[in-house]
$ cat model09.csv   # CSV, C-alpha atoms
chain,number,residue,atom,x,y,z
A,1,MET,CA,-26.0,-18.0,29.6
A,2,VAL,CA,-24.3,-16.0,32.2
A,3,ALA,CA,-22.2,-13.1,30.8
A,4,GLU,CA,-18.6,-12.7,31.7
A,5,GLU,CA,-17.9,-10.3,34.5
A,6,THR,CA,-15.7,-7.2,33.7
A,7,SER,CA,-13.4,-5.3,35.9
A,8,ALA,CA,-13.3,-1.6,36.5
A,9,VAL,CA,-11.2,-1.0,33.4
A,10,GLY,CA,-13.4,-3.2,31.2
A,11,ALA,CA,-11.1,-6.3,31.0
A,12,PRO,CA,-13.0,-9.6,30.8
A,13,GLN,CA,-12.6,-11.9,33.8
A,14,ARG,CA,-12.3,-15.6,33.9
A,15,PRO,CA,-15.8,-17.4,34.0
A,16,THR,CA,-16.9,-18.0,37.6
A,17,ASN,CA,-19.8,-20.4,36.9
A,18,GLY,CA,-17.7,-23.3,35.7
A,19,GLU,CA,-18.2,-22.6,32.0
A,20,SER,CA,-15.0,-23.0,30.0
A,21,GLY,CA,-13.8,-20.5,27.4
A,22,ARG,CA,-12.8,-21.2,23.8
A,23,PHE,CA,-9.5,-22.7,24.9
A,24,GLY,CA,-10.8,-24.2,28.1
A,25,THR,CA,-10.7,-23.1,31.8
A,26,PRO,CA,-7.4,-21.7,33.0
A,27,GLY,CA,-5.8,-23.9,35.7
A,28,ARG,CA,-4.6,-22.8,39.1
A,29,PRO,CA,-1.3,-21.0,39.0
A,30,LEU,CA,1.8,-23.1,39.8
A,31,ARG,CA,3.2,-22.8,43.2
A,32,ARG,CA,6.6,-21.0,43.4
A,33,ASN,CA,8.7,-23.7,45.0
A,34,SER,CA,12.5,-23.7,45.0
A,35,PHE,CA,12.7,-26.4,42.2
A,36,LEU,CA,10.5,-24.3,39.8
A,37,VAL,CA,12.5,-21.1,40.5
A,38,GLY,CA,15.8,-22.9,40.0
A,39,PHE,CA,14.6,-24.6,36.8
A,40,THR,CA,13.3,-21.3,35.4
A,41,GLY,CA,16.6,-19.6,36.2
A,42,ALA,CA,18.6,-22.4,34.6
A,43,LEU,CA,16.5,-22.1,31.4
A,44,GLY,CA,17.1,-18.3,31.4
A,45,VAL,CA,20.9,-18.9,31.7
A,46,LEU,CA,20.8,-21.5,28.9
A,47,LEU,CA,18.7,-19.2,26.7
A,48,ALA,CA,21.2,-16.4,27.3
A,49,TYR,CA,24.1,-18.7,26.4
A,50,VAL,CA,22.4,-19.8,23.2
A,51,VAL,CA,21.7,-16.2,22.2
A,52,TYR,CA,25.4,-15.4,22.9
A,53,LEU,CA,26.5,-18.2,20.7
A,54,GLY,CA,24.2,-17.1,18.0
A,55,LEU,CA,25.4,-13.5,18.1
A,56,ARG,CA,29.1,-14.7,18.1
A,57,ASN,CA,28.6,-16.9,15.1
A,58,ALA,CA,26.6,-14.3,13.3
A,59,ALA,CA,29.0,-11.4,14.2
A,60,GLY,CA,30.3,-11.1,10.6
A,61,ILE,CA,26.8,-10.9,9.1
A,62,LEU,CA,25.7,-8.5,11.9
A,63,VAL,CA,28.6,-6.2,11.0
A,64,LEU,CA,27.5,-6.2,7.4
A,65,VAL,CA,24.0,-5.4,8.4
A,66,VAL,CA,25.2,-2.4,10.5
A,67,ILE,CA,27.3,-1.1,7.7
A,68,ALA,CA,24.4,-1.4,5.3
A,69,LEU,CA,22.1,0.3,7.8
A,70,PHE,CA,24.4,3.3,8.3
A,71,LEU,CA,24.9,3.6,4.5
A,72,ALA,CA,21.1,3.6,4.1
A,73,VAL,CA,20.7,6.2,6.7
A,74,GLY,CA,23.4,8.3,5.1
A,75,LEU,CA,22.0,8.0,1.6
A,76,HIS,CA,18.3,8.4,2.6
A,77,PRO,CA,18.5,12.3,2.5
A,78,ALA,CA,19.6,12.0,-1.1
A,79,VAL,CA,16.6,9.8,-1.9
A,80,VAL,CA,14.3,12.3,-0.1
A,81,LYS,CA,15.8,15.1,-2.1
A,82,LEU,CA,15.3,13.3,-5.4
A,83,ARG,CA,11.7,12.4,-4.4
A,84,SER,CA,11.0,16.1,-3.7
A,85,TRP,CA,11.9,16.8,-7.3
A,86,GLY,CA,9.0,14.5,-8.4
A,87,LEU,CA,10.9,11.2,-9.0
A,88,PRO,CA,9.3,8.0,-7.7
A,89,ARG,CA,11.0,6.2,-4.9
A,90,GLY,CA,12.3,3.3,-6.9
A,91,LEU,CA,13.9,5.6,-9.5
A,92,ALA,CA,15.4,7.8,-6.7
A,93,VAL,CA,16.9,4.7,-5.0
A,94,ALA,CA,18.3,3.5,-8.3
A,95,LEU,CA,20.0,6.8,-9.1
A,96,VAL,CA,21.6,7.0,-5.6
A,97,VAL,CA,22.8,3.4,-5.8
A,98,LEU,CA,24.2,3.8,-9.3
A,99,THR,CA,26.1,6.9,-8.2
A,100,LEU,CA,27.5,5.0,-5.3
A,101,LEU,CA,28.6,2.2,-7.6
A,102,ALA,CA,30.2,4.7,-10.0
A,103,LEU,CA,32.3,6.1,-7.2
A,104,LEU,CA,33.3,2.6,-6.0
A,105,SER,CA,34.2,1.6,-9.6
A,106,ALA,CA,36.3,4.7,-10.1
A,107,GLY,CA,38.2,3.9,-6.9
A,108,VAL,CA,38.8,0.3,-8.1
A,109,LEU,CA,39.9,1.4,-11.5
A,110,ALA,CA,42.2,4.0,-9.9
A,111,LEU,CA,43.9,1.5,-7.5
A,112,VAL,CA,44.2,-1.7,-9.6
A,113,PRO,CA,46.2,-0.5,-12.6
A,114,PRO,CA,49.0,1.0,-10.5
A,115,ILE,CA,49.3,-2.2,-8.5
A,116,VAL,CA,49.4,-4.4,-11.7
A,117,THR,CA,51.8,-2.1,-13.5
A,118,GLN,CA,54.3,-1.9,-10.6
A,119,SER,CA,54.1,-5.7,-10.0
A,120,GLY,CA,54.8,-6.2,-13.7
A,121,GLN,CA,57.8,-3.8,-13.6
A,122,PHE,CA,59.2,-5.6,-10.5
A,123,ILE,CA,58.9,-9.0,-12.2
A,124,GLU,CA,60.7,-7.7,-15.3
A,125,GLN,CA,63.5,-6.2,-13.2
A,126,LEU,CA,63.8,-9.3,-11.0
A,127,PRO,CA,66.5,-11.1,-13.2
A,128,SER,CA,68.7,-8.0,-13.2
A,129,TYR,CA,68.3,-7.8,-9.4
A,130,VAL,CA,69.4,-11.4,-9.0
A,131,GLU,CA,72.3,-10.9,-11.4
A,132,SER,CA,73.5,-7.9,-9.5
A,133,LEU,CA,73.4,-9.9,-6.3
A,134,ARG,CA,75.4,-12.7,-7.8
A,135,ARG,CA,78.2,-10.3,-8.8
A,136,ASN,CA,78.4,-8.9,-5.3
A,137,GLU,CA,81.3,-10.4,-3.3
A,138,THR,CA,79.7,-9.7,0.0
A,139,VAL,CA,76.5,-11.5,-1.0
A,140,ASN,CA,78.5,-14.5,-2.2
A,141,GLU,CA,80.3,-14.6,1.1
A,142,LEU,CA,77.1,-14.6,3.0
A,143,VAL,CA,75.7,-17.4,0.8
A,144,GLU,CA,78.6,-19.6,1.7
A,145,ARG,CA,78.8,-18.7,5.3
A,146,PHE,CA,75.1,-19.4,6.1
A,147,ASP,CA,74.7,-22.2,3.6
A,148,LEU,CA,71.8,-20.3,1.9
A,149,MET,CA,71.7,-22.6,-1.2
A,150,ARG,CA,70.8,-25.6,1.0
A,151,ARG,CA,68.2,-23.6,2.7
A,152,VAL,CA,66.7,-22.5,-0.6
A,153,GLN,CA,66.5,-26.1,-1.8
A,154,GLU,CA,64.8,-27.1,1.4
A,155,ALA,CA,62.4,-24.2,1.0
A,156,ALA,CA,61.5,-25.6,-2.4
A,157,SER,CA,60.3,-29.0,-1.0
A,158,ALA,CA,56.9,-30.4,-1.6
A,159,ASP,CA,55.6,-29.4,1.8
A,160,VAL,CA,56.5,-25.8,1.4
A,161,VAL,CA,55.1,-25.7,-2.0
A,162,GLY,CA,51.8,-27.2,-0.7
A,163,ARG,CA,51.7,-24.6,2.0
A,164,ALA,CA,52.3,-21.9,-0.6
A,165,LEU,CA,49.5,-23.3,-2.7
A,166,GLY,CA,47.3,-23.2,0.3
A,167,GLY,CA,48.3,-19.5,0.8
A,168,VAL,CA,47.4,-18.8,-2.8
A,169,LEU,CA,44.1,-20.5,-2.3
A,170,GLY,CA,43.6,-18.6,0.9
A,171,GLY,CA,44.3,-15.4,-1.0
A,172,ALA,CA,41.7,-16.3,-3.6
A,173,GLN,CA,39.3,-17.1,-0.8
A,174,LEU,CA,40.0,-13.7,0.7
A,175,VAL,CA,39.3,-12.0,-2.7
A,176,PHE,CA,36.0,-13.9,-3.2
A,177,GLY,CA,35.0,-13.3,0.4
A,178,THR,CA,35.6,-9.6,0.0
A,179,VAL,CA,33.5,-9.5,-3.1
A,180,PHE,CA,30.7,-11.4,-1.4
A,181,ARG,CA,30.7,-8.9,1.5
A,182,VAL,CA,30.6,-5.9,-0.8
A,183,LEU,CA,27.7,-7.4,-2.7
A,184,THR,CA,25.9,-8.3,0.5
A,185,VAL,CA,26.3,-4.8,1.9
A,186,LEU,CA,25.1,-3.4,-1.5
A,187,VAL,CA,22.0,-5.5,-1.6
A,188,LEU,CA,21.1,-4.8,2.0
A,189,THR,CA,21.6,-1.1,1.5
A,190,ILE,CA,19.2,-1.2,-1.5
A,191,TYR,CA,16.6,-3.0,0.6
A,192,PHE,CA,17.0,-0.6,3.5
A,193,LEU,CA,16.6,2.3,1.2
A,194,VAL,CA,13.5,0.9,-0.5
A,195,TYR,CA,11.8,0.0,2.7
A,196,PHE,CA,13.3,2.8,4.9
A,197,ASP,CA,10.0,4.4,5.8
A,198,ARG,CA,8.3,1.1,6.6
A,199,LEU,CA,11.2,-0.1,8.8
A,200,ARG,CA,11.2,3.2,10.6
A,201,ASP,CA,7.4,3.1,11.2
A,202,LEU,CA,7.7,-0.5,12.3
A,203,GLY,CA,10.3,0.4,14.9
A,204,TYR,CA,8.2,3.2,16.3
A,205,ALA,CA,5.1,0.9,16.4
A,206,LEU,CA,7.0,-1.4,18.9
A,207,VAL,CA,7.0,1.5,21.4
A,208,PRO,CA,4.1,2.0,23.7
A,209,ARG,CA,1.6,4.5,22.4
A,210,SER,CA,2.0,6.8,25.4
A,211,ARG,CA,5.7,7.3,24.6
A,212,ARG,CA,5.6,6.9,20.8
A,213,GLU,CA,5.5,10.5,19.9
A,214,ARG,CA,8.5,11.5,22.0
A,215,VAL,CA,10.5,8.4,20.8
A,216,GLN,CA,9.6,9.3,17.2
A,217,LEU,CA,10.8,12.9,17.6
A,218,ILE,CA,14.1,11.7,19.2
A,219,GLY,CA,14.5,8.9,16.7
A,220,ASP,CA,14.0,11.2,13.7
A,221,GLU,CA,16.5,13.6,15.1
A,222,ILE,CA,19.1,10.8,15.5
A,223,LEU,CA,18.5,9.7,11.9
A,224,THR,CA,18.9,13.3,10.8
A,225,LYS,CA,22.2,13.7,12.6
A,226,VAL,CA,23.5,10.3,11.3
A,227,GLY,CA,22.5,11.2,7.8
A,228,ALA,CA,24.0,14.7,8.1
A,229,TYR,CA,27.3,13.3,9.3
A,230,MET,CA,27.5,10.7,6.5
A,231,VAL,CA,26.8,13.4,3.8
A,232,GLY,CA,29.2,15.8,5.4
A,233,ALA,CA,32.0,13.3,5.8
A,234,LEU,CA,31.6,12.2,2.2
A,235,ALA,CA,31.7,15.9,1.0
A,236,ILE,CA,34.9,16.5,3.1
A,237,ALA,CA,36.5,13.3,1.7
A,238,VAL,CA,35.7,14.2,-1.9
A,239,LEU,CA,37.1,17.7,-1.4
A,240,ALA,CA,40.3,16.3,0.1
A,241,GLY,CA,40.7,13.8,-2.8
A,242,ALA,CA,40.1,16.5,-5.4
A,243,THR,CA,42.6,18.8,-3.8
A,244,THR,CA,45.2,16.1,-3.6
A,245,PHE,CA,44.6,15.2,-7.2
A,246,VAL,CA,45.3,18.8,-8.3
A,247,PHE,CA,48.4,19.0,-6.1
A,248,ALA,CA,49.8,15.6,-7.4
A,249,LEU,CA,49.4,16.9,-11.0
A,250,VAL,CA,51.2,20.1,-10.2
A,251,VAL,CA,54.2,18.5,-8.5
A,252,GLY,CA,54.4,15.5,-10.8
A,253,LEU,CA,53.5,12.6,-8.4
A,254,PRO,CA,53.0,9.2,-10.1
A,255,TYR,CA,49.5,7.9,-10.3
A,256,PRO,CA,47.8,11.1,-9.0
A,257,PHE,CA,44.2,9.7,-9.3
A,258,ALA,CA,45.1,6.6,-7.3
A,259,LEU,CA,46.7,8.8,-4.6
A,260,ALA,CA,43.6,11.0,-4.6
A,261,VAL,CA,41.4,8.0,-4.0
A,262,VAL,CA,43.6,6.8,-1.1
A,263,VAL,CA,43.4,10.3,0.5
A,264,ALA,CA,39.6,10.4,0.0
A,265,VAL,CA,39.0,6.9,1.5
A,266,THR,CA,41.3,7.5,4.5
A,267,ASP,CA,39.8,10.9,5.2
A,268,LEU,CA,36.6,9.1,6.0
A,269,ILE,CA,38.2,7.7,9.1
A,270,PRO,CA,37.8,10.2,11.9
A,271,GLN,CA,40.7,11.7,13.9
A,272,ILE,CA,43.5,9.6,12.2
A,273,GLY,CA,42.4,9.2,8.6
A,274,ALA,CA,43.7,12.5,7.3
A,275,THR,CA,47.1,11.9,8.8
A,276,LEU,CA,47.3,8.4,7.5
A,277,GLY,CA,46.5,9.5,3.9
A,278,ALA,CA,49.1,12.3,4.2
A,279,VAL,CA,51.8,9.9,5.3
A,280,ILE,CA,51.1,7.5,2.4
A,281,VAL,CA,51.3,10.3,-0.2
A,282,SER,CA,54.4,11.8,1.4
A,283,LEU,CA,56.2,8.5,1.3
A,284,VAL,CA,55.4,8.2,-2.4
A,285,GLY,CA,56.7,11.7,-2.8
A,286,PHE,CA,60.0,10.9,-1.0
A,287,ALA,CA,60.4,7.7,-3.1
A,288,THR,CA,59.9,9.8,-6.2
A,289,GLU,CA,62.2,12.7,-5.3
A,290,PRO,CA,63.1,14.3,-1.9
A,291,SER,CA,62.0,17.7,-2.9
A,292,ILE,CA,58.6,16.3,-3.9
A,293,GLY,CA,58.3,14.6,-0.6
A,294,ILE,CA,59.0,17.8,1.3
A,295,ALA,CA,56.4,19.6,-0.8
A,296,CYS,CA,53.9,16.9,0.1
A,297,VAL,CA,54.5,17.3,3.8
A,298,VAL,CA,54.1,21.1,3.5
A,299,PHE,CA,50.9,20.7,1.5
A,300,PHE,CA,49.2,18.4,3.9
A,301,VAL,CA,50.2,20.4,7.0
A,302,VAL,CA,48.6,23.5,5.4
A,303,TYR,CA,45.6,21.7,4.0
A,304,GLN,CA,44.8,19.9,7.3
A,305,GLN,CA,44.9,23.2,9.2
A,306,ILE,CA,42.4,24.6,6.7
A,307,GLU,CA,40.2,21.5,6.8
A,308,ASN,CA,40.2,21.3,10.6
A,309,TYR,CA,39.5,25.0,11.3
A,310,LEU,CA,37.6,26.2,8.3
A,311,ILE,CA,36.0,23.4,6.2
A,312,TYR,CA,35.1,20.9,8.9
A,313,PRO,CA,33.3,23.4,11.3
A,314,LYS,CA,31.2,24.8,8.5
A,315,ILE,CA,30.1,21.5,7.1
A,316,MET,CA,29.8,19.3,10.2
A,317,ARG,CA,29.4,21.2,13.4
A,318,ARG,CA,26.2,22.8,12.4
A,319,SER,CA,24.4,19.5,12.2
A,320,VAL,CA,26.5,17.1,14.4
A,321,HIS,CA,27.7,18.6,17.7
A,322,VAL,CA,30.1,16.0,19.2
A,323,ASN,CA,32.6,16.5,22.0
A,324,GLU,CA,36.1,16.2,20.8
A,325,VAL,CA,37.3,13.9,23.6
A,326,ALA,CA,34.2,11.7,23.2
A,327,ALA,CA,34.8,11.5,19.4
A,328,LEU,CA,38.4,10.4,19.9
A,329,VAL,CA,37.6,7.8,22.5
A,330,ALA,CA,34.7,6.5,20.4
A,331,ALA,CA,37.0,6.2,17.3
A,332,LEU,CA,39.7,4.3,19.3
A,333,LEU,CA,37.1,1.9,20.7
A,334,GLY,CA,35.4,1.5,17.3
A,335,VAL,CA,38.8,0.6,15.8
A,336,SER,CA,39.6,-1.9,18.5
A,337,LEU,CA,36.1,-3.6,18.4
A,338,VAL,CA,35.1,-3.6,14.7
A,339,GLY,CA,38.1,-2.2,12.9
A,340,VAL,CA,37.9,0.7,10.4
A,341,ILE,CA,34.1,0.3,10.2
A,342,GLY,CA,33.9,1.0,13.9
A,343,ALA,CA,35.9,4.3,13.4
A,344,LEU,CA,33.5,5.3,10.6
A,345,ILE,CA,30.4,4.9,12.7
A,346,ALA,CA,31.9,6.2,15.9
A,347,ILE,CA,31.0,9.9,15.6
A,348,PRO,CA,27.3,9.4,14.6
A,349,THR,CA,26.9,6.9,17.4
A,350,VAL,CA,28.3,9.4,19.9
A,351,ALA,CA,26.0,12.0,18.5
A,352,ALA,CA,23.0,9.7,19.1
A,353,VAL,CA,24.1,8.8,22.6
A,354,GLN,CA,24.6,12.5,23.5
A,355,LEU,CA,21.1,13.3,22.2
A,356,ILE,CA,19.6,10.5,24.3
A,357,LEU,CA,21.6,11.6,27.4
A,358,ARG,CA,20.5,15.3,27.0
A,359,GLU,CA,16.9,14.6,26.2
A,360,VAL,CA,16.1,11.5,28.3
A,361,ILE,CA,18.6,10.5,30.9
A,362,ILE,CA,19.7,13.9,32.3
A,363,PRO,CA,16.1,15.3,32.6
A,364,ARG,CA,15.0,12.1,34.4
A,365,GLN,CA,17.9,12.4,36.8
A,366,ASP,CA,17.1,16.0,37.5
A,367,ALA,CA,13.4,15.2,38.2
A,368,ARG,CA,14.4,12.8,41.0
$ encode --input "model09.csv" --output "structure tokens"
Amino acid sequence: MVAEETSAVGAPQRPTNGESGRFGTPGRPLRRNSFLVGFTGALGVLLAYVVYLGLRNAAGILVLVVIALFLAVGLHPAVVKLRSWGLPRGLAVALVVLTLLALLSAGVLALVPPIVTQSGQFIEQLPSYVESLRRNETVNELVERFDLMRRVQEAASADVVGRALGGVLGGAQLVFGTVFRVLTVLVLTIYFLVYFDRLRDLGYALVPRSRRERVQLIGDEILTKVGAYMVGALAIAVLAGATTFVFALVVGLPYPFALAVVVAVTDLIPQIGATLGAVIVSLVGFATEPSIGIACVVFFVVYQQIENYLIYPKIMRRSVHVNEVAALVAALLGVSLVGVIGALIAIPTVAAVQLILREVIIPRQDAR
């Protein structure tokens, strides 16, 4: 039997003596005619369109996957820290996830009771509001002038009631959909945390061996920056919420814990989140008493200056160096594309892009 010839690099060549291999003898290559080129191009366009449709239909799920991935990257340093204390990986992940669930539960318990209480108070006071309106001569005149009673009766028709029922069902669907999304993100985050090292190694294994070491170094640096940003942002948000809670207790704001949670959650949104939380609390303060509202405005002006110039630089800029203009543009683009989630992931994404530009793109351009 004649052995297969080998090339200069040792690659086996096709048998030249007519002997077929295991899967037969390769045929002659197809000629590149215009029909074959056009057909291949059409198949490529069709495949691209199918991929586009798939991504568009799965956009909601992909957003949940991205959220879970960023949460896993942000929580992974805590898992590594617990493992350095001698805990097994499963127990470390469980402790981190339980802590996250405790924080989420505290937020829900802080927000739901005020909403339920205030809604109940409004329903109790509704008859007195209606009675006051009936005694008002101006209101009675407007009722007669614009024939409001007939409009109210028409609004109470079966069609309107059906649409209202549909709205109620839509609200229930929204609630269940939100619960489903939260559970999905939670489950995905747990899986990403458990298999974090395996997924990272798999991603590096897809890179050619000649470039794997450099890609691994850059990739680990990106993961470190993203994790540092997530931990730093969470620490700043918790500090803002705790400070707001103490201030609300001192000045006598209603529902201080709920307002503190609102400030902590909004403070996670870069650039505009702190201002949004300050506006909400200040409006509650003015609704309670004008002097309390003024005190809220003064407090948040002072606190935001301290946070911007003292707290934020010490916590964030040592690990995540992001250009301010790039951060603002990224936050605006993130909000327009993905909503609040886009704003949350804007800064770590910019940090990763800056690192790739500095270490890969710019040196390659300089070498040309």
$ atom_distance --input "model09.csv" --atom1 "atom CA of A:Ala72" --atom2 "atom CA of A:Val261"
22.3 Å
$ residues_around --input "model09.csv" --residues "A:Gly342" --least-positions-apart "5" --cutoff "8 Å" --atoms "all atoms listed in the file" --output "PDB file with C-alpha atoms, keeping the file's coordinate frame"
ATOM      1  CA  ALA A 331      37.000   6.200  17.300  1.00  0.00           C
ATOM      2  CA  LEU A 333      37.100   1.900  20.700  1.00  0.00           C
ATOM      3  CA  GLY A 334      35.400   1.500  17.300  1.00  0.00           C
ATOM      4  CA  VAL A 335      38.800   0.600  15.800  1.00  0.00           C
ATOM      5  CA  SER A 336      39.600  -1.900  18.500  1.00  0.00           C
ATOM      6  CA  LEU A 337      36.100  -3.600  18.400  1.00  0.00           C
TER       7      LEU A 337
END
$ atom_distance --input "model09.csv" --atom1 "atom CA of A:Arg364" --atom2 "atom CA of A:Gly203"
23.2 Å
$ residues_around --input "model09.csv" --residues "stretch 92-105 of chain A" --least-positions-apart "6" --cutoff "9 Å" --atoms "only C-alpha atoms" --output "number ranges by chain"
A: 75-76, 78-83, 186, 189-190, 193-194
$ residues_around --input "model09.csv" --residues "A:Val281" --least-positions-apart "6" --cutoff "12 Å" --atoms "only C-alpha atoms" --output "PyMOL selection string"
chain A and resi 241+244-245+247-248+253-264+266+274-275+287-288+292-300
$ atom_distance --input "model09.csv" --atom1 "atom CA of A:Gly90" --atom2 "atom CA of A:Tyr195"
10.2 Å
$ residues_near_point --input "model09.csv" --point "(33.5, 18.2, 1.1)" --cutoff "10 Å" --atoms "all atoms listed in the file" --output "list of chain:residue names"
A:Val231, A:Gly232, A:Ala233, A:Leu234, A:Ala235, A:Ile236, A:Ala237, A:Val238, A:Leu239, A:Ala240, A:Gly241, A:Ala242, A:Ala264, A:Glu307, A:Ile311, A:Tyr312, A:Ile315, A:Met316
$ closest_residue --input "model09.csv" --among "A:Gly285, A:Gly252, A:Gly74, A:Pro290" --to "A:Phe196" --atoms "only C-alpha atoms"
A:Gly74
$ closest_residue --input "model09.csv" --among "A:Leu355, A:Leu91, A:Thr40, A:Val63" --to "A:Leu217" --atoms "all atoms listed in the file"
A:Leu355
$ closest_residue --input "model09.csv" --among "A:Ala48, A:Val353, A:Ile362, A:Arg28" --to "A:Glu221" --atoms "all atoms listed in the file"
A:Val353
$ closest_residue --input "model09.csv" --among "A:Val250, A:Ile356, A:Ile61, A:Val325" --to "A:Thr184" --atoms "all atoms listed in the file"
A:Ile61
$ residues_around --input "model09.csv" --residues "A:Leu206" --least-positions-apart "6" --cutoff "12 Å" --atoms "only C-alpha atoms" --output "PyMOL selection string"
chain A and resi 199-200+212+215-216
$ residues_around --input "model09.csv" --residues "A:Arg181" --least-positions-apart "6" --cutoff "10 Å" --atoms "only C-alpha atoms" --output "PyMOL selection string"
chain A and resi 60-61+64+187
